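This report concerns only the one structure given below.
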Amino acid sequence: MEPCKVTDINIAATRELPAPAQLLQEIPRTEAQQDFVAAARREIHRIIFGNDKRLLLVVGPCSIHDIAAGREYARKLAKLSEEVRERILIVMRVYFEKPRTTVGWKGLIMDPYIDKSYNIPAGLRIAREFLREVIDLGLPTATELLDPITPQYIADLICWSAIGARTTESQTHRQMASGLSMPLGFKNSTDGSIEAAVNAINAASREQTFLGIDQQGRAASVTTKGNPDCHLVLRGGKNGPNYDAQHVTDYLAKLKSSGLVPALMVDCSHDNACKDYTRYPEILADVVSQLSQGQDGIIGAMVESNLNPGSQKIVIGEKMDYGVSITDPCVGWDETEKMIRSTFKALENRFSLA
Ligand SMILES: O=C[C@H](O)[C@H](O)COP(=O)(O)O
Ligand SMILES: C=C(OP(=O)(O)O)C(=O)O
């Protein structure tokens, strides 16, 4: 009789990945890119701690799936960001990892050819190359870090990152965040509560020891110092939005009483808008009006935006519409430009008062 199998019963395949150091050598960052990332992180840090009154605006596609469209978007955004940088620090969403409620396309790193071939080595290479391009345009980069191994491959090119609503409560992600070198936002939970995010900021700001990998790709025990630049992101929840003035005031008080920096970003998409992209402009306008009324605890806003509005379903093997999201719906470029220009105008008062 065959002995009973007790390992790898549910493993279909494993595929070796290049070590992080190998990929970083193959697709290196230049000194100028390194200086740019460090400077952008410092600027974001200053905004979080109230030493820079500009609005931190994290804007861009829900996910990057087509590099040509991503590049066109980045060029347009870079140009606009120069025009408004006196009052708004624009950071581009360059999201390569998507958390799913159940199942679905998990982003360019996991499945770069959107055909279930799951060529992760190719995904990591494409991601690194695109991040370098965005930085070379003078745009700081933002991403959600989902898989705890991914940062070793791309984090040196990221200026701000998010831990998403579905993973804020995860110890693994809090530990990872505690060792990341960039400012980071924890989203409130999908049920709308902020407790998990408050606990996450607390945990991530402290030293942690956990299992990870080193730059050679070897399993390692990692000890971190704690990330001092974490903050809350309000994204609404299943009971509705949570960006209104009352919620914002209550949540800032909660952060303060928990001994945390009273700073939060409002995500104008997701459950704050019931994923209805036509509502993103009115939510951003509300946030800006709170700022104009002196609410200094709002440090930033997030908007899911693409070249063209809406979203489309993935049909494997079929051509997709150019510049349209294949994950959450986004506002199109024309609307995005209007939103950013009117935000710039509306912030005039804030700066003249300062
Ligand atoms: O921002 C993206 C989505 O909201 C998130 O990845 C969940 O998507 P899903 O509910 O379609 O799986
Ligand atoms: C997945 C995202 O957001 P959330 O975690 O708030 O659903 C996102 O910003 O892409």
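Chains: A, B, ... in order of the structure tokens. Residues: from 1 per chain. Ligands: from 1, in order shown.
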Selection: 9 Å around segment 5-17 of chain A, only C-alpha atoms, excl. self and same-chain fewer than 2 positions, as a list in words: Glu2, Pro3, Ala19, Pro20, Ile120, Pro121 and Gly217 of chain A
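Excluding Ile149 of chain A itself and any same-chain residue fewer than 4 positions from it, the protein and nucleic acid residues within 8 Å of it, counting only C-alpha atoms, are Tyr153, Gly212 and Ile213 of chain A.
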In segment 244-330 of chain A, DSSP alpha helix (DSSP H) residues written as an MDAnalysis selection string: chainID A and resid 245:257 280:292
Counting only C-alpha atoms and all ligand atoms, what are the residues of chain A within 7 Å of ligand 1, and for each of them which pair of atoms is the nearest and at what distance in Å, to one decimal? Sort the table by chain and rising number, as JSON lines.
{"residue": "A:Cys62", "atom": "CA", "partner": "ligand 1", "partner_atom_place_in_ligand_line": "1 (O)", "distance": 5.7}
{"residue": "A:Lys98", "atom": "CA", "partner": "ligand 1", "partner_atom_place_in_ligand_line": "6 (O)", "distance": 4.7}
{"residue": "A:Pro99", "atom": "CA", "partner": "ligand 1", "partner_atom_place_in_ligand_line": "6 (O)", "distance": 4.4}
{"residue": "A:Arg100", "atom": "CA", "partner": "ligand 1", "partner_atom_place_in_ligand_line": "12 (O)", "distance": 3.4}
{"residue": "A:Thr101", "atom": "CA", "partner": "ligand 1", "partner_atom_place_in_ligand_line": "12 (O)", "distance": 3.9}
{"residue": "A:Thr102", "atom": "CA", "partner": "ligand 1", "partner_atom_place_in_ligand_line": "12 (O)", "distance": 5.7}
{"residue": "A:Val103", "atom": "CA", "partner": "ligand 1", "partner_atom_place_in_ligand_line": "12 (O)", "distance": 6.1}
{"residue": "A:Gly104", "atom": "CA", "partner": "ligand 1", "partner_atom_place_in_ligand_line": "12 (O)", "distance": 6.1}
{"residue": "A:His270", "atom": "CA", "partner": "ligand 1", "partner_atom_place_in_ligand_line": "4 (O)", "distance": 6.1}
{"residue": "A:Thr327", "atom": "CA", "partner": "ligand 1", "partner_atom_place_in_ligand_line": "2 (C)", "distance": 6.0}
{"residue": "A:Asp328", "atom": "CA", "partner": "ligand 1", "partner_atom_place_in_ligand_line": "2 (C)", "distance": 5.4}
Contact residues around Pro281 of chain A with only C-alpha atoms at 9 Å, ignoring same-chain residues under 3 positions, as number ranges by chain: A: 268, 277-278, 284-286, 303, 331, 335-336, 338-339
Shell of 8 Å around segment 163-176 of chain A, only C-alpha atoms, local chain residues under 2 positions omitted, as a PyMOL selection string: chain A and resi 99+144-146+148+161+178-180+184-190+196-197+200-201+203-204+208-210
Write out, as an mmCIF file, in the first residue's frame, the residues just selected, with N, CA and C atoms.
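And here's part.cif as it stands now:
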data_model
loop_
_atom_site.group_PDB
_atom_site.id
_atom_site.type_symbol
_atom_site.label_atom_id
_atom_site.label_comp_id
_atom_site.auth_asym_id
_atom_site.auth_seq_id
_atom_site.Cartn_x
_atom_site.Cartn_y
_atom_site.Cartn_z
ATOM 1 N N PRO A 99 -6.550 43.370 -3.742
ATOM 2 C CA PRO A 99 -7.196 42.441 -2.811
ATOM 3 C C PRO A 99 -8.604 42.163 -3.324
ATOM 4 N N GLU A 144 -0.705 49.942 -3.118
ATOM 5 C CA GLU A 144 -1.122 49.114 -1.979
ATOM 6 C C GLU A 144 -0.167 47.942 -1.912
ATOM 7 N N LEU A 145 0.384 47.690 -0.720
ATOM 8 C CA LEU A 145 1.274 46.543 -0.544
ATOM 9 C C LEU A 145 0.459 45.420 0.079
ATOM 10 N N LEU A 146 0.334 44.346 -0.649
ATOM 11 C CA LEU A 146 -0.597 43.290 -0.252
ATOM 12 C C LEU A 146 0.128 42.010 0.128
ATOM 13 N N PRO A 148 3.202 40.055 1.467
ATOM 14 C CA PRO A 148 4.329 40.530 2.296
ATOM 15 C C PRO A 148 5.715 40.339 1.667
ATOM 16 N N SER A 161 2.441 54.325 0.668
ATOM 17 C CA SER A 161 1.727 53.074 0.411
ATOM 18 C C SER A 161 0.517 52.949 1.318
ATOM 19 N N SER A 178 5.486 48.036 9.723
ATOM 20 C CA SER A 178 6.410 48.567 10.740
ATOM 21 C C SER A 178 7.836 48.661 10.206
ATOM 22 N N GLY A 179 8.119 47.922 9.139
ATOM 23 C CA GLY A 179 9.476 47.946 8.597
ATOM 24 C C GLY A 179 9.579 48.709 7.290
ATOM 25 N N LEU A 180 8.458 49.197 6.781
ATOM 26 C CA LEU A 180 8.511 49.901 5.491
ATOM 27 C C LEU A 180 9.105 51.302 5.656
ATOM 28 N N LEU A 184 2.642 55.679 5.214
ATOM 29 C CA LEU A 184 1.688 54.616 4.868
ATOM 30 C C LEU A 184 0.321 54.888 5.496
ATOM 31 N N GLY A 185 -0.731 54.659 4.729
ATOM 32 C CA GLY A 185 -2.087 54.841 5.243
ATOM 33 C C GLY A 185 -2.764 53.505 5.468
ATOM 34 N N PHE A 186 -3.395 53.352 6.628
ATOM 35 C CA PHE A 186 -4.220 52.169 6.889
ATOM 36 C C PHE A 186 -5.664 52.542 6.617
ATOM 37 N N LYS A 187 -6.339 51.778 5.759
ATOM 38 C CA LYS A 187 -7.752 52.032 5.467
ATOM 39 C C LYS A 187 -8.617 51.535 6.630
ATOM 40 N N ASN A 188 -9.773 52.197 6.837
ATOM 41 C CA ASN A 188 -10.715 51.634 7.808
ATOM 42 C C ASN A 188 -11.258 50.313 7.239
ATOM 43 N N SER A 189 -11.836 49.493 8.122
ATOM 44 C CA SER A 189 -12.311 48.155 7.712
ATOM 45 C C SER A 189 -13.500 48.253 6.758
ATOM 46 N N THR A 190 -13.796 47.163 6.077
ATOM 47 C CA THR A 190 -14.913 47.193 5.116
ATOM 48 C C THR A 190 -16.261 47.391 5.829
ATOM 49 N N ALA A 196 -9.824 48.795 13.881
ATOM 50 C CA ALA A 196 -8.712 47.969 13.387
ATOM 51 C C ALA A 196 -7.593 48.860 12.841
ATOM 52 N N ALA A 197 -7.962 49.954 12.174
ATOM 53 C CA ALA A 197 -6.935 50.846 11.604
ATOM 54 C C ALA A 197 -6.173 51.571 12.715
ATOM 55 N N ALA A 200 -3.896 49.174 14.101
ATOM 56 C CA ALA A 200 -2.841 48.903 13.115
ATOM 57 C C ALA A 200 -1.764 49.994 13.161
ATOM 58 N N ILE A 201 -2.198 51.256 13.247
ATOM 59 C CA ILE A 201 -1.221 52.361 13.288
ATOM 60 C C ILE A 201 -0.352 52.210 14.534
ATOM 61 N N ALA A 203 0.290 49.401 16.197
ATOM 62 C CA ALA A 203 1.192 48.242 16.082
ATOM 63 C C ALA A 203 2.335 48.520 15.105
ATOM 64 N N ALA A 204 2.005 49.201 14.003
ATOM 65 C CA ALA A 204 3.022 49.411 12.956
ATOM 66 C C ALA A 204 4.050 50.467 13.360
ATOM 67 N N GLN A 208 8.913 45.321 15.665
ATOM 68 C CA GLN A 208 8.277 44.007 15.506
ATOM 69 C C GLN A 208 9.337 43.020 15.034
ATOM 70 N N THR A 209 9.159 41.767 15.386
ATOM 71 C CA THR A 209 10.018 40.713 14.834
ATOM 72 C C THR A 209 9.118 39.657 14.221
ATOM 73 N N PHE A 210 9.432 39.259 13.002
ATOM 74 C CA PHE A 210 8.552 38.324 12.287
ATOM 75 C C PHE A 210 9.336 37.576 11.215
#
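Considering the residues A:Ile27, A:Leu211, A:Ile64, A:Ala346 and counting only C-alpha atoms and all ligand atoms, ligand 2 has its shortest atom-to-atom contact with A:Ile64.
The residue that comes closest to ligand 2, out of A:Ile326, A:Ala220, A:Leu291, A:Ile283 and on the basis of only C-alpha atoms and all ligand atoms, is A:Ile326.
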DSSP strand (DSSP E) residues within segment 63-272 of chain A, listed as a count of residues only: 37
Distance in Å - atom CA of Asp267 of chain A versus atom 6 (O, counted along the ligand's line) of ligand 2: 7.6 Å
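The nearest approach to Ser352 of chain A among the residues A:Asp229, A:Arg235, A:Lys53, A:Ala69, with only C-alpha atoms taken into account, belongs to A:Lys53.
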Residues within 10 Å of Leu24 of chain A, only C-alpha atoms, excluding chain neighbours under 4 positions, as a PyMOL selection string: chain A and resi 18-20+28-29+125+128+152-154+156+215
Would you export the selected residues with C-alpha atoms as an mmCIF file, in the first residue's frame, please?
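Below is the file that was written, out31.cif:
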data_model
loop_
_atom_site.group_PDB
_atom_site.id
_atom_site.type_symbol
_atom_site.label_atom_id
_atom_site.label_comp_id
_atom_site.auth_asym_id
_atom_site.auth_seq_id
_atom_site.Cartn_x
_atom_site.Cartn_y
_atom_site.Cartn_z
ATOM 1 C CA PRO A 18 14.488 35.827 -8.872
ATOM 2 C CA ALA A 19 15.939 37.017 -5.563
ATOM 3 C CA PRO A 20 15.011 40.653 -4.834
ATOM 4 C CA PRO A 28 18.316 49.329 -10.841
ATOM 5 C CA ARG A 29 17.214 52.672 -9.474
ATOM 6 C CA ARG A 125 9.823 43.292 -13.771
ATOM 7 C CA ARG A 128 9.647 47.971 -11.391
ATOM 8 C CA GLN A 152 11.453 43.549 -1.280
ATOM 9 C CA TYR A 153 11.097 43.888 -5.057
ATOM 10 C CA ILE A 154 9.521 47.330 -5.442
ATOM 11 C CA ASP A 156 12.532 51.333 -3.024
ATOM 12 C CA GLN A 215 17.413 40.622 -0.287
#
Could you pull the residues within 10 Å of Gly323 of chain A, counting only C-alpha atoms, minus those fewer than 6 positions along the same chain, as a CSV table (one decimal) with N, CA and C atoms, in the first residue's frame?
chain,number,residue,atom,x,y,z
A,61,PRO,N,-5.3,55.3,-11.5
A,61,PRO,CA,-6.1,54.2,-11.8
A,61,PRO,C,-6.3,53.3,-10.6
A,64,ILE,N,-3.2,49.3,-12.4
A,64,ILE,CA,-2.5,49.4,-13.7
A,64,ILE,C,-2.6,48.1,-14.4
A,65,HIS,N,-3.1,48.0,-15.6
A,65,HIS,CA,-3.1,46.8,-16.3
A,65,HIS,C,-2.5,46.9,-17.7
A,66,ASP,N,-2.4,48.1,-18.2
A,66,ASP,CA,-1.9,48.3,-19.6
A,66,ASP,C,-0.9,49.5,-19.5
A,67,ILE,N,0.4,49.1,-19.7
A,67,ILE,CA,1.4,50.1,-19.4
A,67,ILE,C,1.3,51.3,-20.3
A,68,ALA,N,0.9,51.1,-21.6
A,68,ALA,CA,0.8,52.2,-22.5
A,68,ALA,C,-0.2,53.2,-22.0
A,69,ALA,N,-1.3,52.8,-21.5
A,69,ALA,CA,-2.3,53.7,-21.0
A,69,ALA,C,-1.9,54.3,-19.7
A,70,GLY,N,-1.2,53.5,-18.9
A,70,GLY,CA,-0.6,54.0,-17.6
A,70,GLY,C,0.4,55.1,-17.9
A,72,GLU,N,0.5,57.1,-20.6
A,72,GLU,CA,-0.2,58.3,-21.1
A,72,GLU,C,-0.8,59.0,-19.9
A,73,TYR,N,-1.4,58.3,-19.0
A,73,TYR,CA,-2.0,58.9,-17.8
A,73,TYR,C,-1.0,59.6,-17.0
A,305,SER,N,-8.9,57.3,-10.7
A,305,SER,CA,-9.1,58.0,-11.9
A,305,SER,C,-8.3,57.3,-13.0
A,306,ASN,N,-8.8,57.4,-14.2
A,306,ASN,CA,-8.2,56.8,-15.4
A,306,ASN,C,-8.3,57.7,-16.6
A,307,LEU,N,-7.8,57.2,-17.7
A,307,LEU,CA,-7.9,58.1,-18.9
A,307,LEU,C,-9.4,58.3,-19.3
A,308,ASN,N,-10.1,57.1,-19.2
A,308,ASN,CA,-11.5,57.2,-19.6
A,308,ASN,C,-12.4,56.7,-18.4
A,309,PRO,N,-13.6,57.2,-18.3
A,309,PRO,CA,-14.4,56.9,-17.2
A,309,PRO,C,-15.0,55.5,-17.1
A,310,GLY,N,-15.4,55.1,-15.9
A,310,GLY,CA,-16.1,53.8,-15.7
A,310,GLY,C,-15.2,52.7,-15.5
A,311,SER,N,-15.7,51.5,-15.8
A,311,SER,CA,-14.9,50.3,-15.7
A,311,SER,C,-15.4,49.3,-16.7
A,332,GLY,N,-12.9,59.8,-15.4
A,332,GLY,CA,-12.0,59.9,-16.6
A,332,GLY,C,-11.1,61.1,-16.4
A,333,TRP,N,-10.2,61.3,-17.4
A,333,TRP,CA,-9.1,62.3,-17.3
A,333,TRP,C,-9.8,63.7,-17.3
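Taking atom CA of Ala155 of chain A and atom CA of Arg85 of chain A as endpoints, the distance between them is 24.1 Å.
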Nearest candidate to Lys275 of chain A (options A:Gly50, A:Gly107, A:Gly317, A:Gly237; using only C-alpha atoms): A:Gly237
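Taking atom CA of Leu157 of chain A and atom CA of Glu129 of chain A as endpoints, the distance between them is 9.8 Å.
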Need to verify the contact set: Gly297 of chain A, 8 Å, only C-alpha atoms, exclusion of same-chain residues closer than 5 positions in sequence. Can you return it as a tab-separated table (two decimals) with N, CA and C atoms, in the first residue's frame?
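For reference, around.tsv as written:
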chain	number	residue	atom	x	y	z
A	252	LEU	N	-10.74	62.09	14.36
A	252	LEU	CA	-9.49	62.78	14.74
A	252	LEU	C	-9.34	62.80	16.26
A	262	PRO	N	-3.05	63.05	14.86
A	262	PRO	CA	-4.42	63.32	14.38
A	262	PRO	C	-4.41	63.75	12.92
A	263	ALA	N	-4.23	62.78	12.04
A	263	ALA	CA	-4.12	63.06	10.61
A	263	ALA	C	-4.84	61.97	9.85
A	264	LEU	N	-5.66	62.37	8.90
A	264	LEU	CA	-6.33	61.35	8.09
A	264	LEU	C	-6.50	61.80	6.65
